[in-house]
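This is my_file-v7.cif. It holds mmCIF, C-alpha atoms and all ligand atoms.
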```
data_protein
#
loop_
_atom_site.label_atom_id
_atom_site.label_comp_id
_atom_site.auth_asym_id
_atom_site.auth_seq_id
_atom_site.Cartn_x
_atom_site.Cartn_y
_atom_site.Cartn_z
CA MET A 288 64.87 67.40 62.93
CA PRO A 289 62.60 66.36 60.03
CA ALA A 290 61.16 69.19 57.93
CA PRO A 291 57.44 69.87 58.44
CA ALA A 292 55.31 68.29 55.70
CA LEU A 293 53.96 71.73 54.77
CA LEU A 294 57.29 72.94 53.41
CA PRO A 295 57.57 72.75 49.62
CA ARG A 296 60.00 70.31 48.03
CA PHE A 297 62.08 71.28 45.04
CA ARG A 298 62.95 68.88 42.29
CA GLY A 299 64.15 71.41 39.67
CA ARG A 300 67.79 70.66 38.95
CA LEU A 301 68.89 74.25 38.45
CA HIS A 302 68.54 75.23 42.09
CA ASP A 303 72.10 74.01 42.52
CA PRO A 304 75.37 75.69 43.58
CA ARG A 305 76.88 75.49 40.08
CA THR A 306 73.98 77.46 38.54
CA ALA A 307 74.03 79.91 41.46
CA THR A 308 77.77 80.41 40.86
CA VAL A 309 77.45 80.89 37.10
CA VAL A 310 74.57 83.38 37.36
CA GLY A 311 76.11 85.00 40.45
CA ARG A 312 79.32 85.74 38.54
CA LEU A 313 77.44 87.61 35.83
CA LEU A 314 75.34 89.47 38.38
CA GLY A 315 78.41 90.30 40.46
CA LEU A 316 80.23 91.74 37.46
CA THR A 317 77.19 93.81 36.46
CA ILE A 318 76.80 95.14 40.01
CA LEU A 319 80.51 96.02 40.11
CA VAL A 320 80.23 98.07 36.90
CA CYS A 321 77.08 99.73 38.22
CA PHE A 322 78.72 100.51 41.57
CA LEU A 323 81.95 101.94 40.14
CA SER A 324 80.21 104.09 37.53
CA GLY A 325 77.82 105.22 40.27
CA VAL A 326 80.70 106.26 42.54
CA ILE A 327 82.23 108.33 39.71
CA SER A 328 78.85 109.85 38.96
CA HIS A 329 78.30 110.72 42.60
CA TYR A 330 81.67 112.43 43.02
CA LEU A 331 81.30 114.44 39.81
CA GLN A 332 77.90 115.70 40.88
CA GLU A 333 78.67 116.37 44.52
CA PRO A 334 82.46 116.49 44.97
CA PRO A 335 83.82 116.72 48.51
CA THR A 336 85.90 119.89 49.04
CA TRP A 337 89.22 118.02 48.86
CA LEU A 338 88.34 116.56 45.47
CA SER A 339 86.52 119.44 43.83
CA PRO A 340 89.70 121.36 42.72
CA HIS A 341 91.02 118.19 41.04
CA LEU A 342 88.05 116.99 39.02
CA PRO A 343 89.09 116.17 35.46
CA THR A 344 87.36 118.04 32.64
CA ARG A 345 88.57 115.50 30.04
CA PRO A 346 87.39 113.45 28.33
CA ALA A 347 84.61 115.95 27.72
CA TRP A 348 82.16 113.06 27.22
CA GLY A 349 83.37 111.14 30.29
CA TYR A 350 80.25 111.64 32.35
CA ARG A 351 78.11 110.57 29.44
CA VAL A 352 79.95 107.24 29.43
CA THR A 353 79.90 106.62 33.20
CA GLN A 354 76.29 107.68 33.51
CA GLY A 355 75.29 105.62 30.48
CA LEU A 356 77.12 102.56 31.88
CA HIS A 357 75.47 103.08 35.25
CA VAL A 358 71.97 103.04 33.85
CA ILE A 359 72.69 100.25 31.35
CA SER A 360 74.27 97.96 33.95
CA GLY A 361 71.53 98.76 36.46
CA ILE A 362 68.86 97.73 33.96
CA ALA A 363 70.80 94.60 32.95
CA ALA A 364 71.07 93.63 36.64
CA VAL A 365 67.28 93.32 36.94
CA PRO A 366 66.82 90.06 34.93
CA LEU A 367 70.11 88.70 36.32
CA LEU A 368 68.99 89.32 39.89
CA LEU A 369 65.59 87.74 39.29
CA VAL A 370 67.17 84.57 37.88
CA LYS A 371 69.73 84.42 40.66
CA LEU A 372 66.97 84.71 43.26
CA TRP A 373 65.03 81.97 41.48
CA THR A 374 67.99 79.57 41.58
CA VAL A 375 68.54 80.03 45.31
CA TYR A 376 65.03 80.62 46.67
CA PRO A 377 64.58 77.02 47.93
CA HIS A 378 66.99 78.08 50.69
CA VAL A 379 64.19 80.21 52.11
CA PHE A 380 62.56 76.94 53.20
CA GLU A 381 65.72 75.44 54.64
CA TRP A 382 65.12 73.31 57.70
CA PRO A 383 65.95 73.94 60.47
CA PRO A 384 65.83 77.67 59.62
CA VAL A 385 68.68 78.49 61.97
CA ARG A 386 71.48 76.12 62.89
CA SER A 387 73.82 78.37 64.83
CA ILE A 388 74.52 82.02 65.55
CA ALA A 389 76.91 82.17 62.61
CA HIS A 390 74.26 80.65 60.35
CA ALA A 391 71.66 83.14 61.60
CA LEU A 392 74.01 86.04 60.88
CA GLU A 393 74.76 84.71 57.43
CA ARG A 394 71.07 84.43 56.60
CA LEU A 395 70.48 87.92 57.98
CA SER A 396 73.24 89.34 55.77
CA ILE A 397 71.67 87.71 52.72
CA ALA A 398 68.28 89.18 53.63
CA VAL A 399 69.91 92.61 53.82
CA LEU A 400 71.74 92.09 50.52
CA VAL A 401 68.64 90.93 48.66
CA SER A 402 66.28 93.60 49.97
CA ALA A 403 68.80 96.44 49.53
CA THR A 404 69.55 95.35 45.94
CA LEU A 405 65.87 95.01 45.01
CA LEU A 406 65.12 98.43 46.46
CA GLU A 407 68.18 100.03 44.84
CA LEU A 408 67.35 98.76 41.35
CA PHE A 409 63.67 99.64 41.73
CA MET A 410 64.45 103.18 42.90
CA GLY A 411 66.94 103.61 40.06
CA LEU A 412 64.38 102.49 37.48
CA LEU A 413 61.76 104.87 38.84
CA ASN A 414 64.37 107.63 38.75
CA THR A 415 64.88 107.12 35.01
CA ILE A 416 61.20 107.88 34.53
CA GLN A 417 61.58 110.89 36.84
CA TRP A 418 59.17 109.48 39.37
CA TYR A 419 60.13 110.40 42.91
CA ALA A 420 57.47 108.46 44.76
CA TRP A 421 59.04 108.87 48.21
CA PRO A 422 59.50 111.57 50.81
CA PHE A 423 63.30 111.12 51.17
CA SER A 424 66.18 112.32 49.00
CA PHE A 425 66.75 109.89 46.14
CA ARG A 426 70.44 110.66 45.90
CA GLU A 427 71.26 110.18 49.59
CA VAL A 428 69.35 106.93 49.93
CA HIS A 429 70.61 105.52 46.62
CA TRP A 430 74.17 106.31 47.71
CA ALA A 431 73.78 104.81 51.21
CA LEU A 432 72.13 101.66 49.86
CA ALA A 433 74.98 101.19 47.38
CA TRP A 434 77.40 100.84 50.30
CA VAL A 435 75.05 98.51 52.17
CA ILE A 436 74.96 96.35 49.04
CA ILE A 437 78.71 96.33 48.53
CA GLY A 438 79.34 95.56 52.22
CA SER A 439 76.84 92.70 52.43
CA LEU A 440 77.96 91.41 49.03
CA LEU A 441 81.58 91.16 50.17
CA LEU A 442 80.43 89.34 53.30
CA HIS A 443 78.31 87.01 51.19
CA LEU A 444 81.23 86.27 48.85
CA ALA A 445 83.51 85.56 51.82
CA VAL A 446 81.01 83.17 53.41
CA LYS A 447 80.32 81.41 50.12
CA ALA A 448 83.94 81.36 48.93
CA PRO A 449 84.31 77.58 49.37
CA VAL A 450 81.08 76.85 47.46
CA ILE A 451 82.00 79.34 44.73
CA ALA A 452 85.49 77.87 44.39
CA ALA A 453 84.11 74.33 44.19
CA ASN A 454 81.67 75.34 41.44
CA TRP A 455 83.73 77.87 39.49
CA ARG A 456 84.66 75.39 36.78
CA ARG A 457 82.34 72.97 35.06
CA ARG A 458 82.82 69.45 36.33
CA ARG A 459 83.63 66.97 33.61
CA ALA A 460 80.56 64.82 33.35
CA GLU A 461 82.08 61.44 32.77
CA PRO A 462 79.28 59.06 31.87
CA PRO A 463 76.95 59.86 34.84
CA GLN A 464 74.12 61.11 32.69
CA PRO A 465 72.23 63.37 35.16
CA GLU A 466 75.18 65.79 35.34
CA LEU A 467 75.20 66.06 31.57
CA ARG A 468 71.50 66.80 31.50
CA ASP A 469 72.03 69.50 34.12
CA GLU A 470 74.65 71.09 31.94
CA VAL A 471 72.25 71.17 29.00
CA ASP A 472 69.49 72.69 31.14
CA ARG A 473 71.93 75.22 32.51
CA ARG A 474 72.93 76.21 29.01
CA SER A 475 69.30 76.85 28.09
CA LEU A 476 68.87 78.93 31.22
CA LEU A 477 71.95 80.98 30.34
CA LEU A 478 70.70 81.44 26.80
CA GLY A 479 67.42 82.72 28.25
CA ILE A 480 69.23 85.12 30.57
CA GLY A 481 71.41 86.30 27.70
CA THR A 482 68.35 86.99 25.58
CA ALA A 483 66.59 88.87 28.39
CA VAL A 484 69.63 90.99 29.27
CA GLY A 485 70.35 91.62 25.58
CA ALA A 486 66.78 92.69 24.94
CA VAL A 487 66.42 95.10 27.87
CA THR A 488 69.83 96.57 27.07
CA LEU A 489 69.21 96.95 23.36
CA PHE A 490 65.77 98.46 23.90
CA THR A 491 66.90 101.03 26.48
CA ALA A 492 70.58 101.83 25.79
CA GLY A 493 69.59 104.24 23.00
CA GLN A 494 68.72 106.85 25.61
CA SER A 495 72.45 107.39 26.10
CA ILE A 496 74.05 105.74 23.02
CA THR A 497 72.88 107.80 20.05
CA PRO A 498 73.37 105.16 17.28
CA LEU A 499 70.94 102.87 19.15
CA LYS A 500 68.32 105.54 19.64
CA ASP A 501 65.80 104.14 17.16
CA LEU A 502 65.78 100.84 19.07
CA ALA A 503 65.08 102.41 22.45
CA LEU A 504 61.49 101.18 22.51
CA LEU A 505 61.47 100.57 26.26
CA ALA A 506 63.34 103.73 27.22
CA PRO A 507 61.30 106.35 29.05
CA ARG A 508 63.01 109.14 27.05
CA ASP A 509 63.48 109.78 23.39
CA PRO A 510 66.68 111.87 23.22
CA ASP A 511 65.36 113.55 20.06
CA VAL A 512 62.16 114.88 21.56
CA GLY A 513 62.31 118.42 22.90
CA PRO A 514 62.81 121.98 21.68
CA GLN A 515 65.93 122.33 19.47
CA GLY A 516 66.30 118.54 19.37
CA LEU A 517 67.19 118.18 23.05
CA PRO A 518 65.05 116.83 25.92
CA VAL A 519 64.03 119.07 28.81
CA ASN A 520 63.78 117.97 32.42
CA ARG A 521 62.67 121.18 34.08
CA THR A 522 60.75 123.66 31.97
CA ALA A 523 61.00 127.42 32.45
CA ARG A 524 57.43 127.35 33.66
CA SER A 525 57.99 124.68 36.31
CA ALA A 526 61.07 126.57 37.52
CA GLY A 527 58.99 129.75 37.86
CA VAL A 528 61.06 131.62 35.26
CA THR A 529 58.63 134.14 33.78
CA GLU A 530 58.88 136.26 30.63
CA GLU A 531 58.87 139.27 32.87
CA ALA A 532 61.88 138.07 34.86
CA VAL A 533 63.72 137.51 31.59
CA ARG A 534 62.80 140.88 30.06
CA ASP A 535 64.99 142.98 32.39
CA TRP A 536 67.68 140.34 32.50
CA ARG A 537 71.28 141.30 33.21
CA LEU A 538 74.24 139.09 33.90
CA ARG A 539 75.97 140.19 37.11
CA VAL A 540 79.53 139.02 37.76
CA GLU A 541 80.85 139.50 41.29
CA GLY A 542 84.62 139.64 41.61
CA PRO A 543 87.43 142.08 42.43
CA THR A 544 85.85 144.35 39.78
CA PRO A 545 82.15 143.45 39.61
CA TYR A 546 80.10 144.38 36.55
CA GLU A 547 76.82 143.83 34.74
CA LEU A 548 76.13 143.03 31.10
CA THR A 549 72.99 143.11 28.98
CA LEU A 550 72.32 140.29 26.55
CA ASP A 551 73.46 142.49 23.64
CA GLU A 552 76.70 143.29 25.42
CA LEU A 553 77.29 139.56 26.00
CA ARG A 554 76.64 138.90 22.32
CA ALA A 555 79.23 141.54 21.44
CA MET A 556 81.96 139.64 23.34
CA PRO A 557 84.02 136.95 21.54
CA GLN A 558 81.71 133.99 20.88
CA HIS A 559 82.95 130.41 20.95
CA ARG A 560 81.43 127.23 19.59
CA VAL A 561 81.67 123.85 21.35
CA GLU A 562 80.10 120.47 20.88
CA LEU A 563 79.24 118.98 24.27
CA PRO A 564 76.65 116.55 25.60
CA ILE A 565 73.99 117.05 28.21
CA ALA A 566 74.26 113.84 30.23
CA CYS A 567 71.40 113.59 32.66
CA VAL A 568 71.53 111.50 35.85
CA GLU A 569 68.04 110.36 34.99
CA GLY A 570 69.45 108.24 32.21
CA TRP A 571 69.52 110.16 28.92
CA SER A 572 72.38 111.85 27.08
CA LYS A 573 72.51 113.92 23.96
CA SER A 574 75.26 115.88 22.27
CA ALA A 575 74.63 119.41 20.98
CA HIS A 576 76.33 122.48 19.50
CA TRP A 577 76.57 125.41 21.86
CA GLU A 578 77.72 129.00 21.29
CA GLY A 579 78.47 131.65 23.84
CA VAL A 580 81.05 133.42 25.96
CA ARG A 581 83.82 131.60 27.78
CA ILE A 582 83.38 131.64 31.56
CA LYS A 583 87.13 132.23 31.66
CA ASP A 584 86.74 135.49 29.68
CA LEU A 585 83.93 136.67 31.96
CA LEU A 586 86.11 136.01 35.01
CA ALA A 587 89.16 137.71 33.49
CA ARG A 588 87.01 140.80 32.97
CA ALA A 589 86.17 140.73 36.69
CA GLY A 590 89.88 140.63 37.53
CA LEU A 591 90.28 136.84 37.88
CA PRO A 592 92.44 135.67 34.97
CA ASP A 593 93.06 132.13 36.27
CA GLY A 594 89.52 131.01 36.81
CA ALA A 595 87.95 130.77 40.26
CA ARG A 596 85.51 128.75 42.28
CA LEU A 597 82.05 130.04 41.40
CA ARG A 598 78.55 130.03 42.68
CA ILE A 599 76.13 130.13 39.78
CA VAL A 600 72.76 131.66 40.52
CA SER A 601 69.77 131.26 38.22
CA LEU A 602 66.41 132.99 37.91
CA GLN A 603 64.73 129.82 39.13
CA ARG A 604 62.16 130.27 41.90
CA ARG A 605 61.08 126.72 42.68
CA GLY A 606 62.75 123.35 43.13
CA GLY A 607 66.39 122.26 43.37
CA TYR A 608 69.47 123.07 41.29
CA GLY A 609 68.69 126.77 40.89
CA VAL A 610 72.05 127.53 42.53
CA THR A 611 75.13 125.42 41.81
CA GLU A 612 78.89 125.59 42.32
CA MET A 613 81.73 125.14 39.86
CA ASP A 614 85.38 124.76 40.74
CA HIS A 615 88.36 126.12 38.79
CA PRO A 616 89.17 123.04 36.65
CA TYR A 617 85.90 123.91 34.90
CA THR A 618 85.91 127.71 35.15
CA ARG A 619 89.33 128.01 33.50
CA ASP A 620 88.56 125.46 30.77
CA ASP A 621 88.25 126.76 27.19
CA LEU A 622 85.18 124.58 26.61
CA THR A 623 83.18 125.95 29.53
CA LEU A 624 80.70 128.48 28.21
CA LEU A 625 77.94 130.71 29.30
CA ALA A 626 75.95 129.53 26.30
CA LEU A 627 73.55 131.85 24.46
CA ARG A 628 72.79 129.62 21.48
CA LEU A 629 71.99 125.94 20.97
CA ASN A 630 72.13 124.04 17.68
CA GLY A 631 72.32 127.24 15.64
CA ALA A 632 69.52 129.25 17.29
CA THR A 633 68.92 131.38 20.38
CA LEU A 634 68.31 129.20 23.45
CA ALA A 635 64.69 128.16 23.86
CA PRO A 636 63.16 129.26 27.19
CA ASP A 637 63.17 125.64 28.38
CA HIS A 638 66.87 125.31 27.60
CA GLY A 639 67.76 128.29 29.77
CA TYR A 640 67.23 131.52 27.80
CA PRO A 641 68.90 134.00 28.06
CA ALA A 642 72.03 132.14 29.22
CA ARG A 643 73.07 128.80 30.62
CA ILE A 644 76.15 126.88 31.67
CA ILE A 645 77.65 124.17 29.47
CA ALA A 646 80.89 122.52 30.61
CA PRO A 647 82.87 119.40 29.67
CA ASN A 648 82.62 116.14 31.68
CA ARG A 649 79.94 117.63 33.90
CA PRO A 650 76.65 116.07 35.06
CA GLY A 651 73.59 117.54 33.31
CA VAL A 652 72.04 118.46 36.60
CA VAL A 653 74.70 121.15 37.20
CA GLN A 654 74.59 122.57 33.65
CA THR A 655 72.60 125.43 35.14
CA LYS A 656 69.94 127.17 33.04
CA TRP A 657 68.62 130.77 33.27
CA VAL A 658 71.90 132.03 34.77
CA THR A 659 71.70 135.56 36.15
CA ARG A 660 74.69 135.87 38.51
CA LEU A 661 78.21 134.47 38.85
CA GLU A 662 79.65 134.89 42.35
CA VAL A 663 83.28 134.22 43.15
CA LEU A 664 83.73 132.06 46.23
CA ALA A 665 86.70 132.52 48.55
N1 LIG A 701 68.32 126.33 36.87
C1 LIG A 701 68.25 125.03 36.55
N2 LIG A 701 69.09 124.50 35.65
C2 LIG A 701 69.02 123.19 35.32
C3 LIG A 701 68.07 122.34 35.90
C4 LIG A 701 67.20 122.90 36.85
O1 LIG A 701 66.34 122.22 37.42
N3 LIG A 701 67.30 124.24 37.14
N4 LIG A 701 68.01 121.01 35.53
C5 LIG A 701 69.27 120.43 35.08
C6 LIG A 701 69.14 119.08 34.54
S1 LIG A 701 68.67 117.86 35.63
C7 LIG A 701 69.52 118.76 33.27
S2 LIG A 701 69.64 117.15 32.76
C8 LIG A 701 69.82 119.81 32.28
C9 LIG A 701 68.98 119.60 31.07
O2 LIG A 701 69.16 120.63 30.17
P1 LIG A 701 68.12 120.84 28.99
O3 LIG A 701 66.76 120.95 29.61
O4 LIG A 701 68.54 122.08 28.28
O5 LIG A 701 68.23 119.63 28.11
O6 LIG A 701 69.58 121.09 32.80
C10 LIG A 701 70.03 121.30 34.10
N5 LIG A 701 69.91 122.70 34.42
MO MO A 702 69.21 115.93 34.75
#
```
Can the structure in the file be given as structure tokens, please?
Amino acid sequence: MPAPALLPRFRGRLHDPRTATVVGRLLGLTILVCFLSGVISHYLQEPPTWLSPHLPTRPAWGYRVTQGLHVISGIAAVPLLLVKLWTVYPHVFEWPPVRSIAHALERLSIAVLVSATLLELFMGLLNTIQWYAWPFSFREVHWALAWVIIGSLLLHLAVKAPVIAANWRRRRAEPPQPELRDEVDRRSLLLGIGTAVGAVTLFTAGQSITPLKDLALLAPRDPDVGPQGLPVNRTARSAGVTEEAVRDWRLRVEGPTPYELTLDELRAMPQHRVELPIACVEGWSKSAHWEGVRIKDLLARAGLPDGARLRIVSLQRRGGYGVTEMDHPYTRDDLTLLALRLNGATLAPDHGYPARIIAPNRPGVVQTKWVTRLEVLA
């Protein structure tokens, strides 16, 4: 069947399987890093019950690394994906469009892979600028799409395995000149990709890698901007935490022997100092000095010397993450504090005054601010 005259013809020499393989390898590796760091991130933030008692609290900066890698690899995947799509897009005009049922299914799986990946990266990018322009839960959809991508990617790799294998190594261009020219063109393309990936990485990675912070010209967040040198996602005002609510504040601890403490009584308990990062799922991380009372000491006073699974309740009135849970690997850890001070001063209202949680290797989103009650869970 001859192709209709209307279909475009492609003469560019880089729409070939070797280029698709070379770019695809880089993209595949980037997506793998993004996927694995995303899985870790997901399970730290929302552990299933079987996993929650076994979550590691070391290294204390672990979540900062996985979250940083997730955002960095996600951003790097954008130029790689665009180039990969450019090398293969002549296939869209393949003629005849469908040769067999197997061919139709293969094309369908690629359509799913491409659209899911574009949507996933786009949603992730919008998330780093805290823009939730959709009615559904970001986390659930981002998580589900990740599996759709991995599934259709494995299928794609299996179908293309012969082509990939045939193009994995550069063919020696013995005199036939065109091949040599292709290789030169391909090198320029790769240099271009390298520059693009390097630039977006260098200009955004500073939101999680402090030494690069001055270069983070494209990053939506400056990790230095915020009260006490730390960014704020939800302000006291937007959480509905009023001065009035804070004025009569007491910490209530529910346990075998429940009790209440005023802020002065908390300050009179042994204070500990830790250096721990806030690592936010929305792409920024920053280390800080925290001072306060060990959660472990508060629990021992309630008759629970070995830590316990806790529900942490804050004064927050509006929006999510006002109530969180913490399992005993964290509650019995020496570094887990009910912090009263940040970087040498009383917590600012936006950082959770009078008291907030800070724990090692824990996603920022569950470092609960404005804590008012600790409830022991069975
Ligand atoms: N009660 C409550 N605590 C909260 C939040 C919240 O919305 N409500 N946001 C969390 C998020 S997403 C992050 S990243 C950290 C940020 O802490 P910071 O504002 O002190 O930097 O606080 C966490 N604690
Ligand atoms: Mo966050």
> Residues at most 8 Å from ligand MO 702 (chain A), using all atoms listed in the file? Could they come as a PyMOL selection string?
Replying inline: chain A and resi 520+566-569+650-653
Per residue of chain A within 6 Å of ligand LIG 701 (chain A), which atom pair is closest and at what distance in Å (one decimal), using all atoms listed in the file, listed by chain and increasing number, as a Markdown table?
```
| residue | atom | partner | partner_atom | distance |
| --- | --- | --- | --- | --- |
| A:Leu517 | CA | A:LIG701 | O5 | 5.4 |
| A:Pro518 | CA | A:LIG701 | O5 | 4.8 |
| A:Val519 | CA | A:LIG701 | O3 | 3.4 |
| A:Asn520 | CA | A:LIG701 | O3 | 5.1 |
| A:Arg521 | CA | A:LIG701 | O1 | 5.1 |
| A:Cys567 | CA | A:LIG701 | S2 | 4.0 |
| A:Ser601 | CA | A:LIG701 | N1 | 5.3 |
| A:Gln603 | CA | A:LIG701 | N1 | 5.5 |
| A:Gly607 | CA | A:LIG701 | O1 | 6.0 |
| A:Tyr608 | CA | A:LIG701 | N3 | 4.8 |
| A:Gly609 | CA | A:LIG701 | N1 | 4.1 |
| A:His638 | CA | A:LIG701 | O4 | 3.7 |
| A:Gly651 | CA | A:LIG701 | S2 | 4.0 |
| A:Val652 | CA | A:LIG701 | S1 | 3.6 |
| A:Val653 | CA | A:LIG701 | C10 | 5.6 |
| A:Gln654 | CA | A:LIG701 | N5 | 4.7 |
| A:Thr655 | CA | A:LIG701 | N2 | 3.7 |
| A:Lys656 | CA | A:LIG701 | N2 | 3.8 |
| A:Trp657 | CA | A:LIG701 | N1 | 5.7 |
```
Residues of stretch 370-419 of chain A at most 12 Å from stretch 320-336 of chain A: nearest atom pair and distance in Å, all atoms listed in the file, as JSON lines:
```
{"residue": "A:Thr404", "atom": "CA", "partner": "A:Phe322", "partner_atom": "CA", "distance": 11.4}
{"residue": "A:Glu407", "atom": "CA", "partner": "A:Phe322", "partner_atom": "CA", "distance": 11.0}
{"residue": "A:Leu408", "atom": "CA", "partner": "A:Cys321", "partner_atom": "CA", "distance": 10.3}
{"residue": "A:Gly411", "atom": "CA", "partner": "A:Gly325", "partner_atom": "CA", "distance": 11.0}
```
>> At a cut-off of 8 Å, using only C-alpha atoms, what residues contact A:Ser572? Leave out same-chain residues fewer than 3 positions from it and give the result as a PyMOL selection string.
In response: chain A and resi 351+355+494-496+510+564-567
> If we count all atoms listed in the file, what is near stretch 398-401 of chain A at a cut-off of 7 Å, once residues fewer than 3 positions away on the same chain are taken out, given as a VMD selection string?
Replying inline: chain A and resid 394 to 395 404 to 405 436 439 to 440
>> At a cut-off of 10 Å, using only C-alpha atoms, what residues contact A:Thr522? Leave out same-chain residues fewer than 5 positions from it and give the result as a PyMOL selection string.
In response: chain A and resi 527-528+636-639+656
Please build the interface table for stretch 344-386 of chain A against stretch 472-484 of chain A with a cut-off of 8 Å, listing for each qualifying residue the nearest atom pair and the distance in Å to one decimal; count all atoms listed in the file, order rows by chain and increasing number, and write it as JSON lines.
```
{"residue": "A:Ala363", "atom": "CA", "partner": "A:Val484", "partner_atom": "CA", "distance": 5.3}
{"residue": "A:Ala364", "atom": "CA", "partner": "A:Val484", "partner_atom": "CA", "distance": 8.0}
{"residue": "A:Pro366", "atom": "CA", "partner": "A:Val484", "partner_atom": "CA", "distance": 6.4}
{"residue": "A:Leu367", "atom": "CA", "partner": "A:Ile480", "partner_atom": "CA", "distance": 6.8}
{"residue": "A:Val370", "atom": "CA", "partner": "A:Ile480", "partner_atom": "CA", "distance": 7.6}
```
>> List as a PyMOL selection string the protein and nucleic acid residues near A:His341, meaning an atom at most 10 Å away when all atoms listed in the file are counted, but skip any in the same chain fewer than 3 places from it.
In response: chain A and resi 334+336-338+344+614-617
Kindly save the residues from that selection, with C-alpha atoms included, as a PDB file, keeping the file's coordinate frame.
```
ATOM      1  CA  PRO A 334      82.460 116.490  44.970  1.00  0.00           C
ATOM      2  CA  THR A 336      85.900 119.890  49.040  1.00  0.00           C
ATOM      3  CA  TRP A 337      89.220 118.020  48.860  1.00  0.00           C
ATOM      4  CA  LEU A 338      88.340 116.560  45.470  1.00  0.00           C
ATOM      5  CA  THR A 344      87.360 118.040  32.640  1.00  0.00           C
ATOM      6  CA  ASP A 614      85.380 124.760  40.740  1.00  0.00           C
ATOM      7  CA  HIS A 615      88.360 126.120  38.790  1.00  0.00           C
ATOM      8  CA  PRO A 616      89.170 123.040  36.650  1.00  0.00           C
ATOM      9  CA  TYR A 617      85.900 123.910  34.900  1.00  0.00           C
TER      10      TYR A 617
END
```
> Taking into account only C-alpha atoms, which residue in the set A:Thr488, A:Pro507, A:Asn454, A:Leu627 is nearest to A:Trp418?
Replying inline: A:Pro507
>> I need the residue nearest A:Ile362 from this list: A:Thr317, A:Ser387, A:Val310, A:Gly349. Use only C-alpha atoms for the distance.
In response: A:Thr317
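Restricting the calculation to only C-alpha atoms, the smallest distance between A:Ala626 and any of A:Leu602, A:Val352, A:Leu553, A:Ala642 is found for A:Ala642.
Using only C-alpha atoms, the smallest distance between any of A:Glu612, A:Ile582, A:Asp593, A:Ala575 and A:Asn630 comes from A:Ala575.
Across the structure, atom CA of A:Glu552 and atom CA of A:Arg604 are spaced 25.5 Å apart.
Shortest atom-to-atom contact with A:His443 among A:Arg345, A:Arg560, A:Arg537, A:His390: A:His390, counting only C-alpha atoms.
A straight line drawn from atom CA of A:Leu597 to atom CA of A:Ser424 is 25.0 Å long.
From atom CA of A:Tyr419 back to atom CA of A:Leu629, the distance works out to 29.4 Å.
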